[in-house]
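To be precise, the following lines are start.txt, and they hold compact mmCIF, C-alpha atoms and all ligand atoms.
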```txt
# COMPACT_ATOMS: atom_id res chain seq x y z
CA MET A 1 17.70 21.70 14.55
CA GLN A 2 15.01 22.16 11.93
CA VAL A 3 12.02 19.81 11.94
CA GLY A 4 10.05 20.34 8.75
CA TYR A 5 10.55 21.30 5.13
CA ALA A 6 12.68 24.02 3.50
CA ALA A 7 11.05 27.26 2.32
CA GLU A 8 11.23 26.30 -1.38
CA ASP A 9 9.53 23.00 -0.59
CA GLU A 10 6.78 24.85 1.24
CA ALA A 11 6.30 27.09 -1.82
CA PHE A 12 5.99 23.94 -3.93
CA ARG A 13 3.46 22.62 -1.41
CA ALA A 14 1.37 25.79 -1.79
CA GLU A 15 1.15 25.21 -5.57
CA LEU A 16 0.07 21.62 -5.11
CA ARG A 17 -2.40 22.54 -2.42
CA ALA A 18 -4.02 25.07 -4.75
CA TRP A 19 -4.36 22.37 -7.42
CA PHE A 20 -5.94 19.85 -5.06
CA GLU A 21 -8.24 22.48 -3.52
CA THR A 22 -9.52 23.41 -6.97
CA HIS A 23 -9.81 19.98 -8.53
CA TYR A 24 -10.84 17.62 -5.74
CA PRO A 25 -14.07 19.39 -4.65
CA ARG A 26 -15.02 19.72 -8.33
CA PHE A 27 -14.40 16.02 -8.84
CA VAL A 28 -16.49 15.12 -5.77
CA ALA A 29 -19.32 17.39 -6.94
CA ALA A 30 -19.39 15.69 -10.36
CA TRP A 31 -19.68 12.18 -8.83
CA PRO A 32 -23.28 10.99 -9.16
CA GLN A 33 -23.74 10.19 -5.45
CA ALA A 34 -21.99 10.88 -2.16
CA PRO A 35 -18.74 8.99 -2.70
CA ASP A 36 -18.01 5.96 -0.53
CA PRO A 37 -14.32 6.58 0.30
CA ASN A 38 -13.57 2.85 0.17
CA ALA A 39 -15.39 1.95 -3.06
CA LEU A 40 -12.96 0.76 -5.72
CA ASP A 41 -14.69 2.56 -8.62
CA TRP A 42 -14.41 5.86 -6.78
CA ARG A 43 -10.78 5.22 -5.82
CA ARG A 44 -9.93 4.24 -9.41
CA ALA A 45 -11.71 7.25 -10.92
CA TRP A 46 -9.78 9.73 -8.78
CA GLU A 47 -6.48 7.92 -9.41
CA ASP A 48 -7.16 8.04 -13.18
CA TYR A 49 -7.94 11.75 -12.94
CA VAL A 50 -4.71 12.52 -11.09
CA CYS A 51 -2.62 10.48 -13.53
CA GLN A 52 -4.27 12.04 -16.55
CA ALA A 53 -3.60 15.49 -15.08
CA GLY A 54 0.09 14.52 -15.25
CA TRP A 55 0.73 13.84 -11.55
CA SER A 56 2.18 10.41 -12.16
CA GLY A 57 5.62 8.82 -12.25
CA LEU A 58 6.64 11.44 -9.71
CA GLY A 59 10.02 9.92 -8.87
CA TRP A 60 10.70 8.21 -12.21
CA PRO A 61 13.41 9.38 -14.60
CA LEU A 62 12.28 11.83 -17.30
CA ALA A 63 13.24 9.28 -19.97
CA TYR A 64 10.27 7.09 -18.96
CA GLY A 65 7.78 9.95 -18.78
CA GLY A 66 8.38 10.60 -15.10
CA LYS A 67 8.86 13.88 -13.27
CA ALA A 68 12.18 13.03 -11.54
CA TRP A 69 11.00 14.78 -8.37
CA SER A 70 13.08 14.57 -5.21
CA LEU A 71 11.84 12.34 -2.40
CA THR A 72 10.87 15.46 -0.49
CA ARG A 73 8.58 16.66 -3.27
CA GLN A 74 7.06 13.22 -3.61
CA ALA A 75 6.38 13.20 0.13
CA ILE A 76 4.73 16.63 -0.09
CA PHE A 77 2.54 15.45 -2.97
CA HIS A 78 1.31 12.45 -0.97
CA GLU A 79 0.77 14.60 2.12
CA GLU A 80 -1.30 17.15 0.22
CA GLN A 81 -3.37 14.54 -1.54
CA ALA A 82 -4.18 12.90 1.80
CA ARG A 83 -4.80 16.28 3.46
CA ILE A 84 -7.62 17.11 1.03
CA GLY A 85 -9.24 13.78 1.93
CA ALA A 86 -8.71 12.12 -1.46
CA PRO A 87 -8.95 8.32 -1.46
CA LEU A 88 -6.03 5.94 -1.87
CA GLY A 89 -5.81 4.57 -5.41
CA VAL A 90 -6.25 0.99 -6.58
CA ASN A 91 -2.97 0.79 -8.51
CA LEU A 92 -0.76 1.52 -5.52
CA ILE A 93 1.12 -1.70 -6.15
CA GLY A 94 1.83 -0.71 -9.76
CA HIS A 95 2.94 2.83 -8.93
CA GLY A 96 4.63 2.23 -5.59
CA ILE A 97 6.19 -1.22 -5.86
CA LEU A 98 6.40 -2.51 -9.42
CA ALA A 99 7.37 0.66 -11.30
CA PRO A 100 10.53 1.39 -9.26
CA THR A 101 11.45 -2.30 -9.46
CA LEU A 102 11.14 -2.25 -13.26
CA ILE A 103 13.14 0.97 -13.48
CA HIS A 104 15.99 -0.66 -11.55
CA PHE A 105 15.96 -4.19 -12.91
CA ALA A 106 13.96 -4.56 -16.14
CA SER A 107 15.29 -4.55 -19.71
CA GLU A 108 14.68 -1.43 -21.81
CA ALA A 109 12.10 -3.34 -23.84
CA GLN A 110 10.22 -4.27 -20.67
CA LYS A 111 10.36 -0.70 -19.37
CA HIS A 112 8.93 0.62 -22.64
CA ARG A 113 6.26 -2.06 -22.66
CA TYR A 114 5.02 -1.80 -19.07
CA LEU A 115 5.80 1.65 -17.65
CA PRO A 116 3.41 3.69 -19.88
CA GLY A 117 0.43 1.60 -18.72
CA ILE A 118 1.25 2.42 -15.09
CA LEU A 119 1.99 6.07 -15.82
CA SER A 120 -1.44 6.57 -17.40
CA ASN A 121 -3.09 4.19 -14.90
CA ARG A 122 -4.49 2.23 -17.85
CA GLU A 123 -3.03 -1.04 -16.49
CA VAL A 124 -3.62 -2.05 -12.89
CA TRP A 125 -1.20 -4.45 -11.18
CA CYS A 126 -1.40 -6.91 -8.33
CA GLN A 127 1.32 -8.69 -6.36
CA GLY A 128 1.36 -12.49 -6.38
CA TYR A 129 3.67 -13.45 -3.54
CA SER A 130 1.77 -15.06 -0.64
CA GLU A 131 0.55 -18.64 -0.80
CA PRO A 132 -1.39 -20.81 1.62
CA GLY A 133 1.94 -22.26 2.81
CA ALA A 134 4.12 -19.17 2.37
CA GLY A 135 3.41 -15.81 4.01
CA SER A 136 5.93 -14.50 6.54
CA ASP A 137 8.20 -17.28 5.33
CA LEU A 138 7.89 -16.24 1.70
CA ALA A 139 10.83 -18.34 0.51
CA ALA A 140 8.69 -21.43 1.21
CA LEU A 141 6.62 -20.63 -1.90
CA GLY A 142 5.70 -23.56 -4.11
CA THR A 143 4.31 -22.00 -7.31
CA ARG A 144 6.27 -23.52 -10.19
CA ALA A 145 7.35 -22.01 -13.52
CA GLU A 146 8.88 -24.61 -15.84
CA ARG A 147 10.72 -23.55 -18.96
CA ARG A 148 9.07 -25.04 -22.08
CA GLY A 149 10.69 -23.70 -25.25
CA ASP A 150 9.58 -20.09 -25.73
CA HIS A 151 7.55 -19.88 -22.52
CA TYR A 152 7.24 -20.87 -18.88
CA LEU A 153 4.40 -23.10 -17.77
CA LEU A 154 3.09 -21.61 -14.55
CA ASN A 155 1.22 -23.65 -11.92
CA GLY A 156 0.37 -22.64 -8.39
CA HIS A 157 -1.97 -21.07 -5.89
CA LYS A 158 -1.56 -17.53 -4.56
CA ILE A 159 -3.64 -16.03 -1.77
CA TRP A 160 -4.51 -12.63 -0.26
CA THR A 161 -3.77 -11.05 -3.65
CA SER A 162 -5.11 -7.51 -3.29
CA PHE A 163 -6.92 -6.13 -6.36
CA ALA A 164 -6.42 -9.33 -8.41
CA HIS A 165 -10.10 -9.19 -9.43
CA ILE A 166 -9.58 -5.83 -11.15
CA ALA A 167 -5.93 -6.18 -12.13
CA ASP A 168 -4.67 -6.44 -15.70
CA TYR A 169 -1.31 -7.90 -14.68
CA CYS A 170 0.31 -9.60 -11.73
CA PHE A 171 3.97 -9.83 -10.80
CA VAL A 172 4.48 -13.32 -9.54
CA LEU A 173 7.24 -15.01 -7.57
CA ALA A 174 7.59 -18.55 -8.86
CA ARG A 175 10.09 -21.34 -8.34
CA THR A 176 12.12 -21.98 -11.49
CA ASP A 177 14.74 -24.26 -9.91
CA PRO A 178 13.25 -26.59 -7.30
CA ALA A 179 16.67 -28.18 -6.67
CA ALA A 180 18.33 -24.89 -5.66
CA GLN A 181 18.45 -23.50 -2.12
CA ARG A 182 15.10 -21.95 -1.17
CA HIS A 183 15.98 -18.30 -1.90
CA LYS A 184 17.99 -19.09 -5.00
CA GLY A 185 15.53 -20.89 -7.26
CA ILE A 186 12.88 -18.16 -7.47
CA SER A 187 12.08 -15.90 -10.46
CA PHE A 188 10.08 -12.69 -10.90
CA LEU A 189 7.51 -12.97 -13.71
CA LEU A 190 5.03 -10.51 -15.20
CA VAL A 191 1.79 -12.35 -15.84
CA ASP A 192 -1.15 -11.18 -17.94
CA MET A 193 -4.26 -11.80 -15.84
CA LYS A 194 -6.26 -12.49 -19.04
CA SER A 195 -4.06 -15.49 -19.88
CA PRO A 196 -5.92 -18.79 -20.20
CA GLY A 197 -5.56 -20.75 -16.94
CA VAL A 198 -5.65 -17.77 -14.56
CA ARG A 199 -8.57 -18.05 -12.13
CA VAL A 200 -9.42 -15.41 -9.52
CA GLN A 201 -11.61 -16.16 -6.55
CA PRO A 202 -12.47 -13.18 -4.31
CA ILE A 203 -12.19 -13.56 -0.53
CA ARG A 204 -14.87 -11.82 1.54
CA GLN A 205 -13.32 -9.79 4.35
CA ILE A 206 -14.68 -9.05 7.81
CA THR A 207 -15.69 -5.58 6.51
CA GLY A 208 -17.97 -7.20 3.90
CA GLU A 209 -15.73 -6.02 1.05
CA ALA A 210 -13.79 -8.41 -1.19
CA ASP A 211 -10.63 -6.53 -2.14
CA PHE A 212 -8.31 -9.50 -2.03
CA ASN A 213 -8.43 -12.87 -3.68
CA GLU A 214 -7.13 -16.35 -4.22
CA VAL A 215 -5.42 -16.69 -7.60
CA PHE A 216 -4.96 -20.06 -9.27
CA PHE A 217 -2.49 -20.58 -12.11
CA GLU A 218 -3.27 -23.73 -14.06
CA ASP A 219 -0.86 -24.42 -16.95
CA VAL A 220 -0.55 -20.71 -17.72
CA ARG A 221 1.84 -19.94 -20.61
CA VAL A 222 4.09 -17.03 -19.66
CA PRO A 223 6.41 -15.83 -22.45
CA LEU A 224 10.12 -15.91 -21.63
CA ASP A 225 10.36 -12.14 -22.12
CA ALA A 226 8.07 -11.68 -19.11
CA LEU A 227 10.95 -12.67 -16.82
CA VAL A 228 12.44 -9.61 -15.04
CA GLY A 229 16.12 -9.85 -14.14
CA GLU A 230 17.83 -13.20 -14.18
CA GLU A 231 16.16 -16.56 -14.01
CA ASN A 232 16.44 -17.74 -10.39
CA GLY A 233 17.40 -14.19 -9.35
CA GLY A 234 13.89 -13.14 -8.27
CA TRP A 235 14.56 -12.99 -4.53
CA ARG A 236 16.81 -9.94 -4.92
CA LEU A 237 14.05 -8.17 -6.85
CA ALA A 238 11.45 -9.13 -4.26
CA MET A 239 13.59 -7.65 -1.47
CA ALA A 240 14.20 -4.46 -3.46
CA ALA A 241 10.48 -4.20 -4.23
CA ALA A 242 9.73 -4.45 -0.50
CA SER A 243 12.07 -1.55 0.23
CA PHE A 244 10.33 0.57 -2.44
CA GLU A 245 6.99 -0.30 -0.82
CA ARG A 246 8.24 0.94 2.55
CA GLY A 247 9.40 4.19 0.92
CA THR A 248 5.96 5.34 -0.22
CA TYR A 249 3.54 3.35 1.87
CA PHE A 250 3.52 5.36 5.02
CA ILE A 251 3.18 9.05 4.09
CA PRO A 252 -0.56 9.23 3.25
CA ARG A 253 -1.33 6.90 6.14
CA GLN A 254 0.39 9.15 8.64
CA VAL A 255 -1.60 12.16 7.38
CA ARG A 256 -4.81 10.17 7.60
CA PHE A 257 -3.94 9.07 11.11
CA ALA A 258 -3.60 12.74 12.15
CA GLN A 259 -6.97 13.53 10.53
CA GLU A 260 -8.62 10.59 12.27
CA VAL A 261 -7.26 11.72 15.64
CA LYS A 262 -8.90 15.12 15.04
CA ALA A 263 -12.15 13.38 14.05
CA LEU A 264 -11.91 11.28 17.21
CA GLN A 265 -11.50 14.43 19.32
CA ARG A 266 -14.67 15.86 17.73
CA LEU A 267 -16.49 12.58 18.34
CA ALA A 268 -15.40 12.65 22.00
CA ILE A 269 -16.84 16.16 22.37
CA ASP A 270 -20.07 15.30 20.50
CA THR A 271 -20.67 12.21 22.63
CA GLY A 272 -19.80 13.97 25.90
CA ALA A 273 -16.94 11.52 26.43
CA ASP A 274 -14.41 14.33 26.67
CA ARG A 275 -15.30 14.46 30.38
CA ASP A 276 -14.37 10.78 30.92
CA ALA A 277 -10.83 10.50 32.33
CA HIS A 278 -10.10 7.15 30.65
CA LEU A 279 -11.20 8.33 27.22
CA ARG A 280 -9.40 11.67 27.59
CA ARG A 281 -6.21 9.73 28.32
CA GLU A 282 -6.72 7.49 25.30
CA VAL A 283 -7.38 10.39 22.92
CA THR A 284 -4.37 12.30 24.28
CA ARG A 285 -2.17 9.27 23.84
CA LEU A 286 -3.31 8.95 20.22
CA ALA A 287 -2.56 12.65 19.61
CA LEU A 288 0.97 11.92 20.87
CA ASP A 289 1.17 8.87 18.58
CA SER A 290 0.18 11.10 15.67
CA HIS A 291 2.95 13.58 16.49
CA LEU A 292 5.52 10.80 16.91
CA LEU A 293 4.51 9.17 13.63
CA ARG A 294 5.01 12.46 11.82
CA LEU A 295 8.49 12.79 13.33
CA LYS A 296 9.30 9.21 12.37
CA GLY A 297 8.16 9.93 8.81
CA LEU A 298 10.45 12.97 8.65
CA ARG A 299 13.34 10.95 10.07
CA ALA A 300 12.84 8.22 7.45
CA LEU A 301 12.77 10.88 4.73
CA THR A 302 15.97 12.47 6.06
CA LEU A 303 17.74 9.10 6.13
CA ALA A 304 16.58 8.34 2.58
CA LEU A 305 17.74 11.77 1.35
CA ARG A 306 21.18 11.04 2.83
CA GLY A 307 21.22 7.96 0.65
CA GLY A 308 21.05 5.37 3.41
CA PRO A 309 19.41 2.02 2.70
CA PRO A 310 15.96 1.57 4.25
CA GLY A 311 16.68 0.13 7.66
CA ALA A 312 14.78 -1.23 10.60
CA GLU A 313 13.23 2.23 11.15
CA GLY A 314 10.60 1.26 8.57
CA SER A 315 9.67 -1.71 10.75
CA ALA A 316 9.44 0.48 13.85
CA THR A 317 7.12 2.92 12.07
CA LYS A 318 4.93 0.21 10.55
CA LEU A 319 4.58 -1.50 13.93
CA HIS A 320 3.78 1.75 15.74
CA TRP A 321 1.29 2.96 13.12
CA SER A 322 -0.61 -0.33 12.71
CA GLU A 323 -0.98 -0.93 16.45
CA ALA A 324 -1.85 2.72 17.23
CA HIS A 325 -4.40 2.66 14.38
CA GLN A 326 -6.11 -0.32 15.98
CA ARG A 327 -6.24 1.55 19.31
CA LEU A 328 -7.63 4.62 17.53
CA THR A 329 -10.50 2.79 15.89
CA SER A 330 -11.18 0.76 19.07
CA THR A 331 -11.50 4.04 20.98
CA ALA A 332 -13.90 5.33 18.31
CA ALA A 333 -15.98 2.16 18.65
CA GLU A 334 -15.99 2.63 22.43
CA LEU A 335 -17.20 6.22 22.02
CA LEU A 336 -19.92 5.22 19.57
CA GLY A 337 -21.16 2.34 21.72
CA GLU A 338 -24.24 0.71 20.21
CA ARG A 339 -24.02 2.90 17.09
CA ALA A 340 -20.89 1.00 16.05
CA LEU A 341 -22.72 -2.32 16.28
CA ALA A 342 -24.82 -1.52 13.20
CA GLY A 343 -21.71 -2.48 11.20
CA PRO A 344 -19.80 -1.10 8.27
CA ALA A 345 -22.32 -1.17 5.40
CA PRO A 346 -22.37 2.23 3.66
CA GLY A 347 -25.71 3.86 2.83
CA GLY A 348 -27.39 3.18 6.18
CA HIS A 349 -29.00 5.74 8.49
CA ASP A 350 -25.76 6.47 10.42
CA PRO A 351 -22.99 6.78 7.78
CA ALA A 352 -20.48 8.32 10.22
CA ALA A 353 -20.75 5.34 12.58
CA ALA A 354 -20.61 2.93 9.61
CA LEU A 355 -17.30 4.47 8.48
CA TRP A 356 -15.80 4.11 11.94
CA ALA A 357 -17.08 0.54 12.16
CA ARG A 358 -15.46 -0.22 8.81
CA GLU A 359 -12.18 1.29 9.98
CA PHE A 360 -12.34 -0.66 13.25
CA LEU A 361 -12.70 -3.92 11.33
CA TRP A 362 -10.24 -3.05 8.56
CA THR A 363 -7.44 -2.11 10.96
CA ARG A 364 -7.31 -5.76 12.09
CA ALA A 365 -5.57 -6.44 8.76
CA GLU A 366 -2.94 -3.76 9.24
CA THR A 367 -0.91 -5.72 11.80
CA ILE A 368 -0.75 -8.57 9.24
CA LEU A 369 -0.20 -7.01 5.80
CA ALA A 370 3.27 -5.91 4.67
CA GLY A 371 4.87 -7.97 7.47
CA THR A 372 3.07 -8.98 10.67
CA SER A 373 3.75 -7.31 14.02
CA GLU A 374 5.64 -10.38 15.22
CA VAL A 375 7.88 -10.31 12.16
CA GLN A 376 8.49 -6.56 12.60
CA ARG A 377 9.44 -7.20 16.24
CA ASN A 378 11.89 -9.90 15.13
CA ILE A 379 13.50 -7.40 12.75
CA LEU A 380 13.77 -4.77 15.48
CA ALA A 381 15.16 -7.29 17.97
CA GLU A 382 17.85 -8.47 15.56
CA GLN A 383 18.73 -5.31 13.65
CA MET A 384 18.22 -2.54 16.21
CA LEU A 385 18.84 -4.31 19.50
CA GLY A 386 21.37 -6.84 18.21
CA LEU A 387 19.61 -9.77 19.89
CA PRO A 388 20.37 -13.29 18.64
CA ARG A 389 18.05 -14.91 16.10
C1 LIG B 1 -5.26 -6.84 3.70
C2 LIG B 1 -4.15 -7.71 3.20
C3 LIG B 1 -3.69 -7.55 1.92
C4 LIG B 1 -2.68 -8.38 1.43
N1 LIG B 1 -2.28 -8.22 0.13
C5 LIG B 1 -1.35 -9.06 -0.38
C6 LIG B 1 -0.99 -8.97 -1.75
O1 LIG B 1 -1.48 -8.12 -2.51
N2 LIG B 1 -0.10 -9.86 -2.25
C7 LIG B 1 0.47 -10.82 -1.46
O2 LIG B 1 1.30 -11.57 -1.96
N3 LIG B 1 0.14 -10.93 -0.14
C8 LIG B 1 -0.76 -10.08 0.40
N4 LIG B 1 -1.13 -10.19 1.73
C9 LIG B 1 -0.57 -11.29 2.52
C10 LIG B 1 0.40 -10.87 3.59
O3 LIG B 1 1.63 -10.51 3.01
C11 LIG B 1 0.52 -12.07 4.54
O4 LIG B 1 -0.72 -12.21 5.18
C12 LIG B 1 1.61 -11.86 5.56
O5 LIG B 1 2.86 -11.92 4.95
C13 LIG B 1 1.55 -12.94 6.66
O6 LIG B 1 1.55 -14.21 6.11
P1 LIG B 1 0.43 -15.31 6.49
O7 LIG B 1 -0.89 -14.66 6.40
O8 LIG B 1 0.70 -16.52 5.71
O9 LIG B 1 0.68 -15.61 8.04
P2 LIG B 1 1.83 -16.54 8.63
O10 LIG B 1 3.14 -16.15 8.07
O11 LIG B 1 1.41 -17.96 8.51
O12 LIG B 1 1.78 -16.11 10.16
C14 LIG B 1 0.82 -16.63 11.10
C15 LIG B 1 1.18 -16.09 12.47
O13 LIG B 1 2.50 -16.56 12.84
C16 LIG B 1 3.34 -15.45 13.15
N5 LIG B 1 4.71 -15.71 12.68
C17 LIG B 1 5.08 -16.17 11.47
N6 LIG B 1 6.43 -16.27 11.40
C18 LIG B 1 6.90 -15.85 12.60
C19 LIG B 1 8.21 -15.71 13.15
N7 LIG B 1 9.29 -16.01 12.44
N8 LIG B 1 8.33 -15.25 14.42
C20 LIG B 1 7.22 -14.93 15.16
N9 LIG B 1 5.95 -15.06 14.69
C21 LIG B 1 5.80 -15.49 13.44
C22 LIG B 1 2.75 -14.29 12.39
O14 LIG B 1 3.12 -13.06 12.97
C23 LIG B 1 1.26 -14.56 12.50
O15 LIG B 1 0.77 -14.11 13.73
C24 LIG B 1 -2.11 -9.37 2.25
C25 LIG B 1 -2.57 -9.51 3.58
C26 LIG B 1 -3.58 -8.70 4.05
C27 LIG B 1 -4.04 -8.88 5.47
```

Kindly present the structure from the file in structure tokens form.
Ligand SMILES: Cc1cc2nc3c(=O)[nH]c(=O)nc-3n(C[C@H](O)[C@H](O)[C@H](O)COP(=O)(O)OP(=O)(O)OC[C@H]3O[C@@H](n4cnc5c(N)ncnc54)[C@H](O)[C@@H]3O)c2cc1C
Amino acid sequence: MQVGYAAEDEAFRAELRAWFETHYPRFVAAWPQAPDPNALDWRRAWEDYVCQAGWSGLGWPLAYGGKAWSLTRQAIFHEEQARIGAPLGVNLIGHGILAPTLIHFASEAQKHRYLPGILSNREVWCQGYSEPGAGSDLAALGTRAERRGDHYLLNGHKIWTSFAHIADYCFVLARTDPAAQRHKGISFLLVDMKSPGVRVQPIRQITGEADFNEVFFEDVRVPLDALVGEENGGWRLAMAAASFERGTYFIPRQVRFAQEVKALQRLAIDTGADRDAHLRREVTRLALDSHLLRLKGLRALTLALRGGPPGAEGSATKLHWSEAHQRLTSTAAELLGERALAGPAPGGHDPAAALWAREFLWTRAETILAGTSEVQRNILAEQMLGLPR
């Protein structure tokens, strides 16, 4: 049994690593101040740089300007980018969710209109699914798109829309046939965020940041050619988009988890907590989590390379990672003690503690976003264990 990558993939990794090790420190050095790893301008600037260097559309067909890399090479790219400590981008939704959905389902005209903006990172996207009355039960959504001649008239209220305040476009699930069964009357629309009638209201998070928003659509005219796939056929696209999200979401997060475990070990030594039996046990358990998450990532990659559909394994990994990540940052807060109480604001006198405090608070969201822990457990119960609904 071989756990790891083939020799030619490792050679490819060495090339990428050399690129990141040359360019990333140079990019950091040119930034006017010490970068805040979570600041959106910093995240966007690095993402722009990477795209303009040509590292974009990694898995897309060549015909749309992509690189047509194998899943393995894409995984290696994301691993190496995370390994150097580079931030996550702000157009993750455009690159990771929308682009593969367009490649599979959009018309040629739509592909030529929208893919170049994602490839170059010129156009940032957000995802307008959740509503105040529709989250886990997404098919309960009430946003309406009524056909009026050459356009739809869009009305509704979305919530928790990440990056809507900086996004150029939003892909929106809206009900186009209120009389149809819940899953059948929904369409997938591409909405220009500059359209009259779009209002974005940021939501302040527990970390103090405001990266997600409420979005109000009030009589927004959406041209008919902004419909992807068939009218009332949006649910199928939404499900496919979710499987694309699971494909790319986890790799950088697993690498970061491993790095954070190492940072936690250093923190335990620095604070003298490495002599405390309880904390030693916690840190050891997290090191095991890190190893298991890597193996789960490799298993998911192997299954995908064999052409299998994304299964409940994605739910198992998401559940494990999000809950272990909360334990990791809780342990860090325990180690830091009073230092963690100063909170997450960057620029204070204890930036290391502020970063951990921010992570501790932010990880609360991870058991909610992309499917809550309870919903993941339902999936595992039904699909892996065969329990009744
Ligand atoms: C940081 C962050 C970013 C997000 N970004 C976006 C975004 O960009 N676009 C977007 O559309 N949405 C986004 N979301 C929304 C996210 O998808 C929803 O929060 C999530 O689907 C849960 O929906 P909800 O918040 O309405 O909770 P609800 O679905 O109302 O759930 C409330 C509670 O009930 C539990 N529950 C619900 N149904 C069941 C069930 N069947 N069995 C057992 N328990 C159940 C849940 O687990 C939860 O504990 C984001 C959320 C977060 C936290």

- Message: Rounded to one decimal, what separation in Å do you get between CA of Met239 in chain A and atom O8 of ligand LIG 1 (chain B)?
- Response: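 Between CA of Met239 in chain A and atom O8 of ligand LIG 1 (chain B) the gap is 17.2 Å.
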
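Candidate residues A:Asp168, A:Lys67, A:His157, A:Thr207 were compared for distance to Tyr114 in chain A, and the nearest is A:Asp168, using all atoms listed in the file.
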
Find the nearest atom pair between each residue of range 227-334 of chain A and range 184-204 of chain A for residues within 9 Å, count all atoms listed in the file, give distances in Å to one decimal, sort rows by chain and ascending number, and present the table as a Markdown table.
```
| residue | atom | partner | partner_atom | distance |
| --- | --- | --- | --- | --- |
| A:Leu227 | CA | A:Leu189 | CA | 4.6 |
| A:Val228 | CA | A:Phe188 | CA | 5.7 |
| A:Gly229 | CA | A:Phe188 | CA | 7.4 |
| A:Glu230 | CA | A:Ser187 | CA | 7.4 |
| A:Glu231 | CA | A:Ser187 | CA | 5.4 |
| A:Asn232 | CA | A:Gly185 | CA | 4.5 |
| A:Gly233 | CA | A:Ser187 | CA | 5.7 |
| A:Gly234 | CA | A:Ser187 | CA | 4.0 |
| A:Trp235 | CA | A:Ile186 | CA | 6.2 |
| A:Leu237 | CA | A:Phe188 | CA | 7.3 |
| A:Ala238 | CA | A:Phe188 | CA | 7.7 |
```

- How would you write, as a PyMOL selection string, the set of residues no farther than 10 Å from ligand LIG 1 (chain B) when counting all atoms listed in the file? chain A and resi 93+125-138+158-164+170-173+205+210-214+362-379+389

List the spatial neighbours of Asp48 in chain A as a short mmCIF file (atom, residue, chain, number, x, y, z; two decimals) with C-alpha atoms, in the coordinates of the input - criterion: any atom at most 9 Å away, all atoms listed in the file, same-chain residues fewer than 4 positions off excluded.
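Result saved to around.cif:
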```cif
data_model
loop_
_atom_site.label_atom_id
_atom_site.label_comp_id
_atom_site.auth_asym_id
_atom_site.auth_seq_id
_atom_site.Cartn_x
_atom_site.Cartn_y
_atom_site.Cartn_z
CA ARG A 43 -10.78 5.22 -5.82
CA ARG A 44 -9.93 4.24 -9.41
CA GLN A 52 -4.27 12.04 -16.55
CA ALA A 53 -3.60 15.49 -15.08
CA GLY A 89 -5.81 4.57 -5.41
CA SER A 120 -1.44 6.57 -17.40
CA ASN A 121 -3.09 4.19 -14.90
CA ARG A 122 -4.49 2.23 -17.85
#
```

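Pairwise distance (CA of Phe360 in chain A, CA of Leu267 in chain A) equals 14.8 Å.
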